[in-house]
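See below for model.cif, which holds mmCIF, C-alpha atoms.
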```cif
data_protein
loop_
_atom_site.label_atom_id
_atom_site.label_comp_id
_atom_site.auth_asym_id
_atom_site.auth_seq_id
_atom_site.Cartn_x
_atom_site.Cartn_y
_atom_site.Cartn_z
CA MET A 1 -16.83 -238.80 11.92
CA ASN A 2 -14.21 -239.30 9.19
CA THR A 3 -16.47 -238.93 6.18
CA LEU A 4 -13.72 -239.50 3.62
CA MET A 5 -12.61 -242.88 5.00
CA ASP A 6 -16.23 -244.01 5.35
CA VAL A 7 -17.05 -243.14 1.73
CA LEU A 8 -13.88 -244.67 0.24
CA ARG A 9 -14.14 -247.88 2.26
CA HIS A 10 -17.81 -248.41 1.40
CA ARG A 11 -17.42 -247.85 -2.32
CA PRO A 12 -18.18 -251.14 -4.16
CA GLY A 13 -15.11 -252.74 -5.72
CA TRP A 14 -12.60 -250.32 -4.16
CA VAL A 15 -9.84 -251.76 -1.98
CA GLU A 16 -7.60 -249.75 0.32
CA VAL A 17 -3.89 -250.08 -0.54
CA LYS A 18 -1.60 -250.74 2.40
CA ASP A 19 1.89 -249.21 2.61
CA GLU A 20 3.73 -249.00 -0.71
CA GLY A 21 1.35 -251.00 -2.93
CA GLU A 22 0.29 -249.80 -6.39
CA TRP A 23 -2.72 -247.49 -6.37
CA ASP A 24 -5.21 -246.04 -8.87
CA PHE A 25 -6.78 -243.27 -6.81
CA TYR A 26 -5.27 -241.15 -4.04
CA TRP A 27 -7.07 -238.55 -1.94
CA CYS A 28 -3.78 -236.99 -0.91
CA ASP A 29 -2.98 -234.01 1.25
CA VAL A 30 -1.10 -231.07 -0.21
CA SER A 31 2.13 -231.85 1.65
CA TRP A 32 2.30 -235.30 -0.05
CA LEU A 33 1.78 -233.56 -3.38
CA ARG A 34 4.60 -231.11 -2.79
CA GLU A 35 7.07 -233.86 -1.88
CA ASN A 36 6.06 -236.65 -4.27
CA PHE A 37 4.19 -235.43 -7.34
CA ASP A 38 7.26 -234.82 -9.50
CA HIS A 39 8.77 -238.23 -8.66
CA THR A 40 5.64 -240.36 -9.14
CA TYR A 41 4.87 -242.16 -12.39
CA MET A 42 1.13 -242.37 -13.04
CA ASP A 43 -0.72 -244.49 -15.58
CA GLU A 44 -3.32 -242.84 -17.82
CA HIS A 45 -6.29 -243.79 -15.57
CA VAL A 46 -4.75 -242.76 -12.21
CA ARG A 47 -6.38 -239.81 -10.36
CA ILE A 48 -5.25 -237.63 -7.43
CA SER A 49 -7.22 -235.01 -5.53
CA HIS A 50 -5.18 -231.82 -6.11
CA PHE A 51 -3.66 -229.85 -8.96
CA ARG A 52 0.12 -229.50 -8.76
CA ASN A 53 0.04 -225.74 -7.99
CA HIS A 54 -3.43 -225.42 -6.47
CA TYR A 55 -2.05 -222.64 -4.21
CA GLU A 56 -2.46 -220.13 -7.09
CA LEU A 57 -6.14 -220.06 -6.09
CA THR A 58 -6.06 -221.24 -2.49
CA ARG A 59 -3.39 -219.03 -0.93
CA LYS A 60 -4.93 -215.69 -0.05
CA ASN A 61 -2.16 -213.50 -1.51
CA TYR A 62 -1.87 -215.44 -4.81
CA MET A 63 -5.65 -215.53 -5.25
CA VAL A 64 -5.83 -211.73 -5.00
CA LYS A 65 -2.78 -211.24 -7.24
CA ASN A 66 -4.31 -213.50 -9.92
CA LEU A 67 -7.70 -211.80 -9.67
CA LYS A 68 -6.15 -208.31 -9.97
CA ARG A 69 -4.17 -209.41 -13.02
CA PHE A 70 -7.25 -211.02 -14.61
CA ARG A 71 -9.31 -207.86 -13.99
CA LYS A 72 -6.68 -205.76 -15.82
CA GLN A 73 -6.64 -208.26 -18.67
CA LEU A 74 -10.45 -208.13 -18.97
CA GLU A 75 -10.38 -204.34 -18.99
CA ARG A 76 -7.86 -204.35 -21.86
CA GLU A 77 -9.67 -207.01 -23.89
CA ALA A 78 -13.36 -206.42 -23.13
CA GLY A 79 -13.69 -203.01 -21.45
CA LYS A 80 -14.47 -201.64 -17.98
CA LEU A 81 -17.94 -203.16 -17.74
CA GLU A 82 -16.64 -206.72 -18.11
CA ALA A 83 -13.71 -206.01 -15.73
CA ALA A 84 -16.21 -204.78 -13.10
CA LYS A 85 -17.53 -208.37 -12.91
CA CYS A 86 -14.32 -209.10 -10.94
CA ASP A 87 -15.16 -206.58 -8.21
CA PHE A 88 -16.13 -209.24 -5.68
CA PHE A 89 -13.11 -209.20 -3.34
CA PRO A 90 -12.38 -206.46 -0.78
CA LYS A 91 -9.43 -204.08 -1.29
CA THR A 92 -6.39 -206.17 -0.33
CA PHE A 93 -2.66 -205.61 0.21
CA GLU A 94 0.06 -208.20 0.66
CA MET A 95 2.18 -207.67 3.75
CA PRO A 96 4.92 -206.84 4.32
CA CYS A 97 5.78 -206.20 0.62
CA GLU A 98 2.88 -203.77 -0.08
CA TYR A 99 3.05 -202.09 3.32
CA HIS A 100 3.67 -198.58 1.92
CA LEU A 101 0.77 -198.86 -0.56
CA PHE A 102 -1.41 -200.05 2.30
CA VAL A 103 -0.44 -197.08 4.51
CA GLU A 104 -1.35 -194.69 1.67
CA GLU A 105 -4.81 -196.32 1.34
CA PHE A 106 -5.26 -196.47 5.12
CA ARG A 107 -4.69 -192.72 5.46
CA LYS A 108 -7.27 -191.97 2.75
CA ASN A 109 -10.00 -193.66 4.83
CA PRO A 110 -9.30 -193.04 8.52
CA GLY A 111 -11.47 -194.88 11.02
CA ILE A 112 -12.49 -197.86 8.88
CA THR A 113 -11.81 -201.43 10.00
CA TRP A 114 -9.20 -203.71 8.40
CA ILE A 115 -8.61 -207.44 8.85
CA MET A 116 -5.20 -209.15 8.82
CA LYS A 117 -4.94 -212.78 7.70
CA PRO A 118 -1.87 -215.02 7.39
CA VAL A 119 -1.72 -216.20 3.77
CA ALA A 120 -1.04 -219.88 4.44
CA ARG A 121 -3.02 -220.72 7.58
CA SER A 122 -6.58 -221.93 8.04
CA GLN A 123 -9.36 -222.29 10.63
CA GLY A 124 -9.13 -218.63 11.64
CA LYS A 125 -5.58 -218.94 13.05
CA GLY A 126 -3.56 -215.71 13.25
CA ILE A 127 -6.42 -213.41 12.14
CA PHE A 128 -7.03 -210.04 13.83
CA LEU A 129 -8.95 -206.80 13.15
CA PHE A 130 -7.51 -203.30 13.57
CA ARG A 131 -8.30 -199.61 13.05
CA ARG A 132 -5.01 -197.95 14.03
CA LEU A 133 -1.66 -197.97 12.26
CA LYS A 134 -0.04 -198.49 15.65
CA ASP A 135 -1.53 -202.03 15.72
CA ILE A 136 0.17 -202.83 12.45
CA MET A 137 3.47 -201.37 13.65
CA ASP A 138 3.26 -203.75 16.63
CA TRP A 139 2.49 -206.60 14.23
CA ARG A 140 5.49 -205.73 12.03
CA LYS A 141 7.79 -205.76 15.04
CA GLY A 142 6.28 -209.03 16.20
CA THR A 143 6.69 -210.84 12.87
CA ALA A 144 10.10 -209.48 11.93
CA GLY A 145 11.81 -211.75 14.44
CA LYS A 146 9.36 -214.64 14.19
CA LYS A 147 10.58 -217.84 12.57
CA PRO A 148 7.73 -219.56 10.72
CA THR A 149 7.23 -223.33 10.82
CA SER A 150 9.08 -225.34 8.16
CA LEU A 151 5.86 -225.59 6.10
CA GLU A 152 5.30 -221.82 6.18
CA ALA A 153 8.95 -221.21 5.36
CA GLN A 154 8.74 -223.54 2.38
CA GLN A 155 5.56 -221.88 1.12
CA ALA A 156 6.87 -218.37 1.60
CA ARG A 157 10.10 -219.12 -0.32
CA SER A 158 8.26 -218.93 -3.61
CA THR A 159 9.55 -217.26 -6.74
CA VAL A 160 7.48 -216.07 -9.67
CA ASN A 161 7.99 -218.08 -12.85
CA SER A 162 7.72 -216.84 -16.43
CA SER A 163 4.02 -217.71 -16.87
CA GLY A 164 3.11 -215.42 -13.97
CA GLY A 165 2.65 -218.42 -11.68
CA HIS A 166 4.52 -219.16 -8.48
CA ASP A 167 7.05 -221.93 -8.21
CA THR A 168 7.59 -223.38 -4.73
CA ARG A 169 10.74 -225.33 -5.66
CA SER A 170 13.50 -223.35 -3.97
CA SER A 171 17.06 -222.88 -5.18
CA ASP A 172 19.96 -223.54 -2.78
CA ASP A 173 20.72 -219.91 -2.05
CA GLN A 174 17.10 -219.31 -0.96
CA LYS A 175 17.16 -222.07 1.61
CA GLU A 176 19.22 -219.99 4.02
CA GLU A 177 16.68 -217.16 4.31
CA ILE A 178 13.99 -217.34 6.96
CA PRO A 179 11.22 -215.19 5.50
CA VAL A 180 8.80 -213.03 7.44
CA GLU A 181 5.41 -214.74 7.54
CA ASN A 182 3.26 -213.16 4.81
CA TYR A 183 -0.15 -211.72 5.60
CA VAL A 184 -2.85 -209.94 3.64
CA ALA A 185 -4.44 -206.75 4.99
CA GLN A 186 -7.99 -206.57 3.70
CA ARG A 187 -10.70 -203.98 4.09
CA TYR A 188 -13.17 -205.49 6.56
CA ILE A 189 -16.77 -205.70 5.34
CA GLU A 190 -18.47 -203.61 8.01
CA ASN A 191 -22.05 -204.14 6.81
CA PRO A 192 -22.49 -207.94 6.69
CA TYR A 193 -25.99 -209.35 6.21
CA LEU A 194 -27.16 -210.52 9.64
CA ILE A 195 -29.64 -213.21 10.61
CA GLY A 196 -30.83 -213.03 14.21
CA GLY A 197 -28.23 -210.28 14.70
CA ARG A 198 -25.37 -212.66 13.91
CA LYS A 199 -22.79 -212.70 11.15
CA PHE A 200 -22.34 -215.73 8.88
CA ASP A 201 -20.55 -216.82 5.74
CA LEU A 202 -21.40 -219.50 3.17
CA ARG A 203 -19.39 -222.63 2.35
CA VAL A 204 -19.97 -223.72 -1.26
CA TYR A 205 -18.35 -226.68 -3.05
CA VAL A 206 -16.94 -226.50 -6.60
CA LEU A 207 -15.36 -229.52 -8.32
CA VAL A 208 -12.85 -228.81 -11.10
CA MET A 209 -12.05 -231.75 -13.38
CA SER A 210 -9.82 -229.83 -15.78
CA TYR A 211 -8.49 -226.28 -16.29
CA ILE A 212 -7.70 -226.56 -20.01
CA PRO A 213 -10.44 -226.74 -21.09
CA LEU A 214 -12.13 -225.44 -17.92
CA ARG A 215 -14.69 -227.98 -16.73
CA ALA A 216 -16.34 -227.16 -13.39
CA TRP A 217 -19.25 -228.59 -11.39
CA LEU A 218 -21.23 -226.83 -8.63
CA TYR A 219 -22.71 -228.80 -5.72
CA ARG A 220 -26.33 -228.09 -4.75
CA ASP A 221 -25.77 -228.36 -1.02
CA GLY A 222 -23.59 -226.27 1.27
CA PHE A 223 -24.12 -224.37 4.49
CA ALA A 224 -24.12 -221.01 6.23
CA ARG A 225 -21.74 -220.86 9.25
CA PHE A 226 -22.86 -218.48 11.98
CA SER A 227 -20.89 -216.76 14.69
CA ASN A 228 -22.09 -217.54 18.17
CA THR A 229 -22.29 -213.93 19.36
CA ARG A 230 -24.34 -210.97 18.10
CA PHE A 231 -22.52 -208.74 15.62
CA THR A 232 -21.11 -205.39 16.72
CA LEU A 233 -18.27 -203.21 15.49
CA SER A 234 -17.63 -201.86 18.97
CA SER A 235 -15.62 -204.96 20.01
CA ILE A 236 -13.21 -205.71 17.17
CA ASP A 237 -11.08 -207.96 19.39
CA ASP A 238 -13.83 -210.54 19.94
CA GLN A 239 -13.22 -213.40 17.50
CA TYR A 240 -16.57 -215.03 18.40
CA VAL A 241 -18.29 -211.99 16.85
CA HIS A 242 -16.22 -211.65 13.69
CA LEU A 243 -14.92 -215.11 12.70
CA THR A 244 -17.42 -217.73 11.57
CA ASN A 245 -14.95 -220.67 11.34
CA VAL A 246 -16.36 -223.68 13.21
CA ALA A 247 -12.86 -224.31 14.65
CA VAL A 248 -13.12 -220.87 16.34
CA GLN A 249 -16.80 -220.96 17.30
CA LYS A 250 -16.68 -224.35 19.01
CA THR A 251 -14.23 -222.94 21.60
CA SER A 252 -16.83 -220.32 22.62
CA PRO A 253 -18.01 -220.82 26.23
CA ASP A 254 -21.69 -220.86 25.20
CA TYR A 255 -21.32 -223.10 22.10
CA HIS A 256 -23.88 -225.94 21.96
CA PRO A 257 -22.51 -228.94 20.00
CA LYS A 258 -26.06 -230.26 19.42
CA LYS A 259 -27.33 -226.89 18.17
CA GLY A 260 -24.19 -226.10 16.20
CA CYS A 261 -23.83 -222.92 14.16
CA LYS A 262 -24.90 -224.07 10.68
CA TRP A 263 -27.87 -223.76 8.34
CA MET A 264 -28.11 -225.84 5.19
CA LEU A 265 -28.13 -223.69 2.01
CA GLN A 266 -31.72 -224.73 1.14
CA ARG A 267 -32.94 -223.22 4.42
CA PHE A 268 -30.84 -220.08 3.83
CA ARG A 269 -32.21 -219.65 0.29
CA GLN A 270 -35.82 -220.06 1.51
CA TYR A 271 -35.23 -217.55 4.30
CA LEU A 272 -33.90 -214.93 1.87
CA ALA A 273 -36.75 -215.55 -0.60
CA SER A 274 -39.32 -214.98 2.15
CA LYS A 275 -37.58 -211.72 3.16
CA HIS A 276 -36.59 -210.26 -0.24
CA GLY A 277 -38.56 -212.18 -2.89
CA PRO A 278 -37.35 -214.82 -5.38
CA GLU A 279 -35.97 -212.30 -7.92
CA ALA A 280 -33.48 -210.75 -5.48
CA VAL A 281 -32.39 -214.27 -4.50
CA GLU A 282 -31.91 -215.31 -8.15
CA THR A 283 -29.73 -212.23 -8.69
CA LEU A 284 -27.63 -212.98 -5.58
CA PHE A 285 -27.08 -216.63 -6.55
CA SER A 286 -26.28 -215.64 -10.14
CA ASP A 287 -23.68 -213.17 -8.77
CA MET A 288 -22.18 -216.07 -6.81
CA ASP A 289 -21.97 -218.16 -10.00
CA ASN A 290 -20.00 -215.27 -11.51
CA ILE A 291 -17.55 -215.43 -8.56
CA PHE A 292 -16.93 -219.16 -9.08
CA ILE A 293 -16.31 -218.83 -12.82
CA LYS A 294 -14.24 -215.62 -12.79
CA SER A 295 -11.99 -216.88 -9.96
CA LEU A 296 -11.31 -220.14 -11.85
CA GLN A 297 -10.68 -218.25 -15.09
CA SER A 298 -8.20 -215.99 -13.27
CA VAL A 299 -5.91 -219.00 -12.62
CA GLN A 300 -6.74 -221.00 -15.73
CA LYS A 301 -3.49 -220.10 -17.49
CA VAL A 302 -1.19 -220.54 -14.47
CA ILE A 303 -2.47 -223.78 -12.96
CA ILE A 304 -0.78 -226.87 -14.39
CA SER A 305 -3.74 -228.73 -15.90
CA ASP A 306 -2.63 -232.32 -15.46
CA LYS A 307 -5.10 -234.99 -16.65
CA HIS A 308 -4.48 -237.02 -13.45
CA CYS A 309 -5.70 -234.19 -11.21
CA PHE A 310 -9.09 -233.00 -9.99
CA GLU A 311 -9.91 -230.71 -7.07
CA LEU A 312 -12.83 -230.17 -4.74
CA TYR A 313 -12.67 -226.53 -3.58
CA GLY A 314 -14.47 -225.04 -0.60
CA TYR A 315 -15.47 -221.43 -1.41
CA ASP A 316 -16.12 -219.02 1.47
CA ILE A 317 -18.58 -216.27 0.52
CA LEU A 318 -19.81 -213.37 2.66
CA ILE A 319 -23.08 -211.54 1.85
CA ASP A 320 -23.46 -207.85 2.73
CA GLN A 321 -26.64 -205.89 3.57
CA ASP A 322 -27.09 -204.96 -0.11
CA LEU A 323 -27.16 -208.70 -0.99
CA LYS A 324 -23.78 -208.41 -2.68
CA PRO A 325 -21.61 -211.54 -2.37
CA TRP A 326 -17.89 -211.19 -1.54
CA LEU A 327 -15.23 -213.87 -2.02
CA LEU A 328 -13.28 -214.32 1.22
CA GLU A 329 -11.13 -217.29 0.23
CA VAL A 330 -10.96 -220.64 -1.56
CA ASN A 331 -9.87 -223.76 0.32
CA ALA A 332 -7.97 -226.62 -1.34
CA SER A 333 -8.71 -228.96 1.56
CA PRO A 334 -12.17 -228.00 2.83
CA SER A 335 -12.93 -229.65 6.16
CA LEU A 336 -14.50 -233.08 5.70
CA THR A 337 -14.95 -233.66 9.43
CA ALA A 338 -18.60 -233.69 10.42
CA SER A 339 -19.80 -231.52 13.30
CA SER A 340 -23.37 -232.96 13.39
CA ARG A 341 -25.53 -235.70 11.86
CA GLU A 342 -26.76 -233.30 9.15
CA ASP A 343 -23.19 -232.25 8.40
CA TYR A 344 -22.12 -235.92 8.13
CA GLU A 345 -24.94 -236.55 5.67
CA LEU A 346 -23.98 -233.56 3.51
CA LYS A 347 -20.27 -234.41 3.40
CA THR A 348 -20.64 -238.13 2.71
CA CYS A 349 -23.09 -237.39 -0.14
CA LEU A 350 -20.74 -234.67 -1.48
CA LEU A 351 -17.82 -237.14 -1.50
CA GLU A 352 -19.85 -239.97 -3.06
CA ASP A 353 -20.95 -237.63 -5.85
CA THR A 354 -17.37 -236.36 -6.30
CA LEU A 355 -16.29 -239.97 -6.92
CA HIS A 356 -19.22 -240.44 -9.35
CA VAL A 357 -18.01 -237.43 -11.39
CA VAL A 358 -14.34 -238.51 -11.23
CA ASP A 359 -15.74 -241.80 -12.60
CA MET A 360 -12.89 -244.26 -12.03
CA GLU A 361 -15.36 -246.99 -13.05
CA GLY A 362 -15.79 -245.47 -16.54
CA ARG A 363 -19.61 -245.45 -16.46
CA LEU A 364 -20.33 -241.90 -17.69
CA THR A 365 -20.55 -240.77 -21.33
CA GLY A 366 -18.95 -237.35 -20.71
CA ARG A 367 -22.12 -235.59 -21.91
CA GLU A 368 -23.87 -235.50 -18.51
CA LYS A 369 -25.02 -232.12 -17.16
CA ARG A 370 -25.93 -233.52 -13.77
CA VAL A 371 -24.43 -236.28 -11.63
CA GLY A 372 -26.08 -236.67 -8.21
CA GLY A 373 -25.85 -233.32 -6.39
CA PHE A 374 -23.38 -231.85 -8.93
CA ASP A 375 -24.48 -229.66 -11.86
CA LEU A 376 -22.04 -228.95 -14.69
CA MET A 377 -21.82 -225.14 -14.75
CA TRP A 378 -18.90 -224.62 -17.15
CA ASN A 379 -17.66 -226.83 -19.96
CA ASP A 380 -15.20 -224.65 -21.93
CA GLY A 381 -18.10 -222.16 -21.87
CA PRO A 382 -21.34 -221.65 -19.92
CA VAL A 383 -23.72 -224.63 -19.74
CA SER A 384 -27.43 -224.08 -20.33
CA ARG A 385 -30.08 -225.36 -17.92
CA GLU A 386 -32.32 -226.31 -20.84
CA GLU A 387 -31.93 -229.80 -22.29
CA GLY A 388 -30.51 -229.75 -25.80
CA ALA A 389 -30.28 -225.93 -25.89
CA PRO A 390 -27.11 -224.52 -27.47
CA ASP A 391 -24.72 -223.38 -24.74
CA LEU A 392 -24.45 -219.74 -25.85
CA SER A 393 -24.93 -217.12 -23.19
CA GLU A 394 -25.55 -214.40 -25.79
CA MET A 395 -29.12 -215.72 -26.12
CA GLY A 396 -31.44 -213.44 -24.17
CA ASN A 397 -33.24 -216.26 -22.33
CA PHE A 398 -30.12 -218.24 -21.42
CA VAL A 399 -30.22 -219.69 -17.89
CA THR A 400 -27.03 -221.16 -16.41
CA ASN A 401 -27.14 -224.78 -15.26
CA THR A 402 -26.69 -224.07 -11.54
CA HIS A 403 -29.04 -225.03 -8.69
CA LEU A 404 -27.20 -223.92 -5.55
CA GLY A 405 -29.46 -224.18 -2.50
CA CYS A 406 -32.21 -225.89 -4.54
CA VAL A 407 -33.73 -229.34 -3.96
CA ASN A 408 -31.07 -232.06 -4.07
CA ASP A 409 -32.90 -235.26 -5.05
CA ARG A 410 -29.54 -236.90 -5.75
CA LYS A 411 -30.52 -240.52 -4.97
CA LYS A 412 -33.40 -240.48 -7.43
CA GLN A 413 -31.26 -238.75 -10.09
CA LEU A 414 -28.38 -241.24 -9.67
CA ARG A 415 -30.79 -244.20 -9.97
CA GLN A 416 -32.20 -242.80 -13.22
CA LEU A 417 -28.74 -241.87 -14.55
CA PHE A 418 -27.12 -245.27 -13.96
CA ARG A 419 -30.23 -247.12 -15.20
CA SER A 420 -30.19 -245.17 -18.47
CA LEU A 421 -26.39 -245.65 -18.83
CA GLN A 422 -26.83 -249.42 -18.39
CA GLY A 423 -29.64 -249.39 -20.96
CA GLN A 424 -27.40 -247.54 -23.45
CA LYS A 425 -24.58 -250.03 -22.84
CA LYS A 426 -26.87 -253.03 -23.47
CA ALA A 427 -28.28 -251.43 -26.62
CA SER A 428 -24.83 -250.72 -28.05
CA SER A 429 -23.50 -254.22 -27.25
#
```

Mind turning the file's structure into C-alpha cells?
Amino acid sequence: MNTLMDVLRHRPGWVEVKDEGEWDFYWCDVSWLRENFDHTYMDEHVRISHFRNHYELTRKNYMVKNLKRFRKQLEREAGKLEAAKCDFFPKTFEMPCEYHLFVEEFRKNPGITWIMKPVARSQGKGIFLFRRLKDIMDWRKGTAGKKPTSLEAQQARSTVNSSGGHDTRSSDDQKEEIPVENYVAQRYIENPYLIGGRKFDLRVYVLVMSYIPLRAWLYRDGFARFSNTRFTLSSIDDQYVHLTNVAVQKTSPDYHPKKGCKWMLQRFRQYLASKHGPEAVETLFSDMDNIFIKSLQSVQKVIISDKHCFELYGYDILIDQDLKPWLLEVNASPSLTASSREDYELKTCLLEDTLHVVDMEGRLTGREKRVGGFDLMWNDGPVSREEGAPDLSEMGNFVTNTHLGCVNDRKKQLRQLFRSLQGQKKASS
C-alpha cells in the first residue's frame, strides 16, 4: 500500500532515477535533507518535498515557541483582540528547561490532567498522561540518564540563530554533550467532543508552495481518527482511550482492520451539521482555517523560503465539546501508508493533486484558485471564494476560498482545468 511509489511511477512521462543519476524531483525524507541539502546543486526547475528548516513548525517545542512569539508580536502591532486569534493551542511548557515555570502553573490548578510528549517522536511514542508531580519527578530521573538515539541527539543539539530560528548544525564543542531528551508538558483537553462515546482528532492536509510570499493550499479531503475504546478520565494510563494515532490503535486487542478507526471529513462534517446546524459547522471550519494561516504566519520569517522547496503538512486538530478546534501538532511527513481501500484512494488522490500543484510539467498559469482537491486559501493575503472578486477580507461579505470536508469532484475539475489550459495554449500559439 505504498501510495507515494504508486503515484510517482504511474505519472505520465516521469522516470524513476536509479542510484546517483541526475534528478528533477525528489520526495525526500527529512534525514536526507539534513545531510545533503547544503551540498546539493539544484537547477532552477528542480523541486524537493521539504523546506530546509521545516522543524520550526513540525517539532512540538519549536511550534509552540514560534506561536507564543507571534502572539506577542500581534498583541504589540494589532492589539489583544487580534492576538487572541492565536489562542488555539493548550498551555505548554518545554521540558526540562521550563520545569520550574511548569511546576508553578501545575500548583495553581491542582487535580487537572497534563500530557507529556517527546518533541521529536511520532506515532504516539513516548506519550503519557499524569496528574501528580511525583510522576514527573520519576520521569526526570528516568530521562536524566537516558541516552537518546543519534537522530534525537542531533535534533536536540540545536542552537538559536539571530533570526529567532533554530540551527541544527552543531559546533565541535557541542558534539560531546549527550542532551536530555526534550519533551513538552501540555494541559490535556479534558472535554473532547465525542462521537459514540469515543475521542477522535482530525488529520487535515495543507500544501505550502512558498513562505515568502506565503502561498498555501488546503485539501478538501481528510479524516477523523477515532480511539478504539470509550473515553473516560478515570483511566489516564490507557493509551487506547486517549491516543488516536492509528499506529497505537491498531495494536489494540479488539481492533478490526476492516472496520478501521477512520471517518472521511465529508461524513464528519455532515454528522456535525445534522447535530448542530450548518452555521455552527461553518464557524468551526472557519476557526480551523484561522489555525492553518496563523501557524504558517508564525514561522514565515524563520523558515528558509527556498524556491526549490514545497511541503505537504499533516495538521492534527482536536475539537472540544464547545466546538472549539485545538492544534495538537503539525507533521512534516504525514503517513502516506494506507490502512484501508478508502484511505488508499484518499492518499493517492492527495499525492496526484500535490504533483499537479507543484506543476513540474509547467501547465498551470499561476492564477488558479483550485487544482483538483486543493483550494488556494492564501496567496500573500486571503483568497476569496468568489470568482474575480478582489481578495480583501475587510469586505463584509468576504468568504475565504476553503472547502474542507465539502464535495471533492476533483476528476471533473481537473478535466475542465486541463482542457481550458490546452485551449488557452492553442489560442496563444

### Task
Given the file shown, enumerate the residues that the PyMOL selection byres ((chain A and resi 264) around 7) captures and present them as a PyMOL selection string.
chain A and resi 222-224+262-263+265-268

### Message
Let me make sure I understand: among A:Val383, A:Leu218, A:Val184, A:Val371, which one has the smallest atom-to-atom distance to A:Arg415 if we use only C-alpha atoms?
### Response
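Nearest to A:Arg415: A:Val371.
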
### Task
Tell me, as a ChimeraX atom specification, which residues lie within 9 Å of stretch 283-298 of chain A, counting all atoms listed in the file; anything in the same chain fewer than 6 positions away does not count.
/A:57,63,66-71,85-86,88,206,208,211,214,216,218,315,317,319,323-327,377-378,400,402-405

Restricted to C-alpha atoms, what would the selected residues look like written as a PDB file, in the coordinates of the input?
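The resulting file, selection.pdb, is reproduced below:
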```pdb
ATOM      1  CA  LEU A  57      -6.140-220.060  -6.090  1.00  0.00           C
ATOM      2  CA  MET A  63      -5.650-215.530  -5.250  1.00  0.00           C
ATOM      3  CA  ASN A  66      -4.310-213.500  -9.920  1.00  0.00           C
ATOM      4  CA  LEU A  67      -7.700-211.800  -9.670  1.00  0.00           C
ATOM      5  CA  LYS A  68      -6.150-208.310  -9.970  1.00  0.00           C
ATOM      6  CA  ARG A  69      -4.170-209.410 -13.020  1.00  0.00           C
ATOM      7  CA  PHE A  70      -7.250-211.020 -14.610  1.00  0.00           C
ATOM      8  CA  ARG A  71      -9.310-207.860 -13.990  1.00  0.00           C
ATOM      9  CA  LYS A  85     -17.530-208.370 -12.910  1.00  0.00           C
ATOM     10  CA  CYS A  86     -14.320-209.100 -10.940  1.00  0.00           C
ATOM     11  CA  PHE A  88     -16.130-209.240  -5.680  1.00  0.00           C
ATOM     12  CA  VAL A 206     -16.940-226.500  -6.600  1.00  0.00           C
ATOM     13  CA  VAL A 208     -12.850-228.810 -11.100  1.00  0.00           C
ATOM     14  CA  TYR A 211      -8.490-226.280 -16.290  1.00  0.00           C
ATOM     15  CA  LEU A 214     -12.130-225.440 -17.920  1.00  0.00           C
ATOM     16  CA  ALA A 216     -16.340-227.160 -13.390  1.00  0.00           C
ATOM     17  CA  LEU A 218     -21.230-226.830  -8.630  1.00  0.00           C
ATOM     18  CA  TYR A 315     -15.470-221.430  -1.410  1.00  0.00           C
ATOM     19  CA  ILE A 317     -18.580-216.270   0.520  1.00  0.00           C
ATOM     20  CA  ILE A 319     -23.080-211.540   1.850  1.00  0.00           C
ATOM     21  CA  LEU A 323     -27.160-208.700  -0.990  1.00  0.00           C
ATOM     22  CA  LYS A 324     -23.780-208.410  -2.680  1.00  0.00           C
ATOM     23  CA  PRO A 325     -21.610-211.540  -2.370  1.00  0.00           C
ATOM     24  CA  TRP A 326     -17.890-211.190  -1.540  1.00  0.00           C
ATOM     25  CA  LEU A 327     -15.230-213.870  -2.020  1.00  0.00           C
ATOM     26  CA  MET A 377     -21.820-225.140 -14.750  1.00  0.00           C
ATOM     27  CA  TRP A 378     -18.900-224.620 -17.150  1.00  0.00           C
ATOM     28  CA  THR A 400     -27.030-221.160 -16.410  1.00  0.00           C
ATOM     29  CA  THR A 402     -26.690-224.070 -11.540  1.00  0.00           C
ATOM     30  CA  HIS A 403     -29.040-225.030  -8.690  1.00  0.00           C
ATOM     31  CA  LEU A 404     -27.200-223.920  -5.550  1.00  0.00           C
ATOM     32  CA  GLY A 405     -29.460-224.180  -2.500  1.00  0.00           C
TER      33      GLY A 405
END
```

Explicit residue set for the PyMOL selection byres ((chain A and resi 306) around 10), as a PDB file with C-alpha atoms, in the frame of the given file:
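And here's part_9.pdb as it stands now:
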```
ATOM      1  CA  ARG A  47      -6.380-239.810 -10.360  1.00  0.00           C
ATOM      2  CA  ILE A  48      -5.250-237.630  -7.430  1.00  0.00           C
ATOM      3  CA  HIS A  50      -5.180-231.820  -6.110  1.00  0.00           C
ATOM      4  CA  PHE A  51      -3.660-229.850  -8.960  1.00  0.00           C
ATOM      5  CA  ARG A  52       0.120-229.500  -8.760  1.00  0.00           C
ATOM      6  CA  MET A 209     -12.050-231.750 -13.380  1.00  0.00           C
ATOM      7  CA  SER A 210      -9.820-229.830 -15.780  1.00  0.00           C
ATOM      8  CA  TYR A 211      -8.490-226.280 -16.290  1.00  0.00           C
ATOM      9  CA  ILE A 212      -7.700-226.560 -20.010  1.00  0.00           C
ATOM     10  CA  ILE A 303      -2.470-223.780 -12.960  1.00  0.00           C
ATOM     11  CA  ILE A 304      -0.780-226.870 -14.390  1.00  0.00           C
ATOM     12  CA  SER A 305      -3.740-228.730 -15.900  1.00  0.00           C
ATOM     13  CA  LYS A 307      -5.100-234.990 -16.650  1.00  0.00           C
ATOM     14  CA  HIS A 308      -4.480-237.020 -13.450  1.00  0.00           C
ATOM     15  CA  CYS A 309      -5.700-234.190 -11.210  1.00  0.00           C
ATOM     16  CA  PHE A 310      -9.090-233.000  -9.990  1.00  0.00           C
TER      17      PHE A 310
END
```

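In this structure, atom CA of A:Trp14 sits 23.9 Å away from atom CA of A:Gly423.
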
#### Entry: Distance query A:Tyr313 at most 9 Å, all atoms listed in the file, self and fewer than 5 positions along chain excluded, as a list in words
Thr58, Val204, Tyr205, Val206, Leu207, Val208, Val330, Asn331, Ala332, Ser333 and Pro334 of chain A

### Task
Work out how far atom CA of A:Val7 is from atom CA of A:Tyr344, in Å to one decimal.
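Distance between the two atoms: 10.9 Å.
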
### Query
What does the distance from atom CA of A:Leu4 to atom CA of A:Asp43 come to in Å, to one decimal?
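Interatomic distance, atom CA of A:Leu4 to atom CA of A:Asp43: 23.7 Å.
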
Extending 4 Å beyond the listed atoms of stretch 322-328 of chain A on each side, what axis-aligned box results? I want centre and edge lengths in Å to one decimal, as JSON.
```
{"center_x": -20.2, "center_y": -209.6, "center_z": -0.7, "size_x": 21.9, "size_y": 17.4, "size_z": 11.9}
```
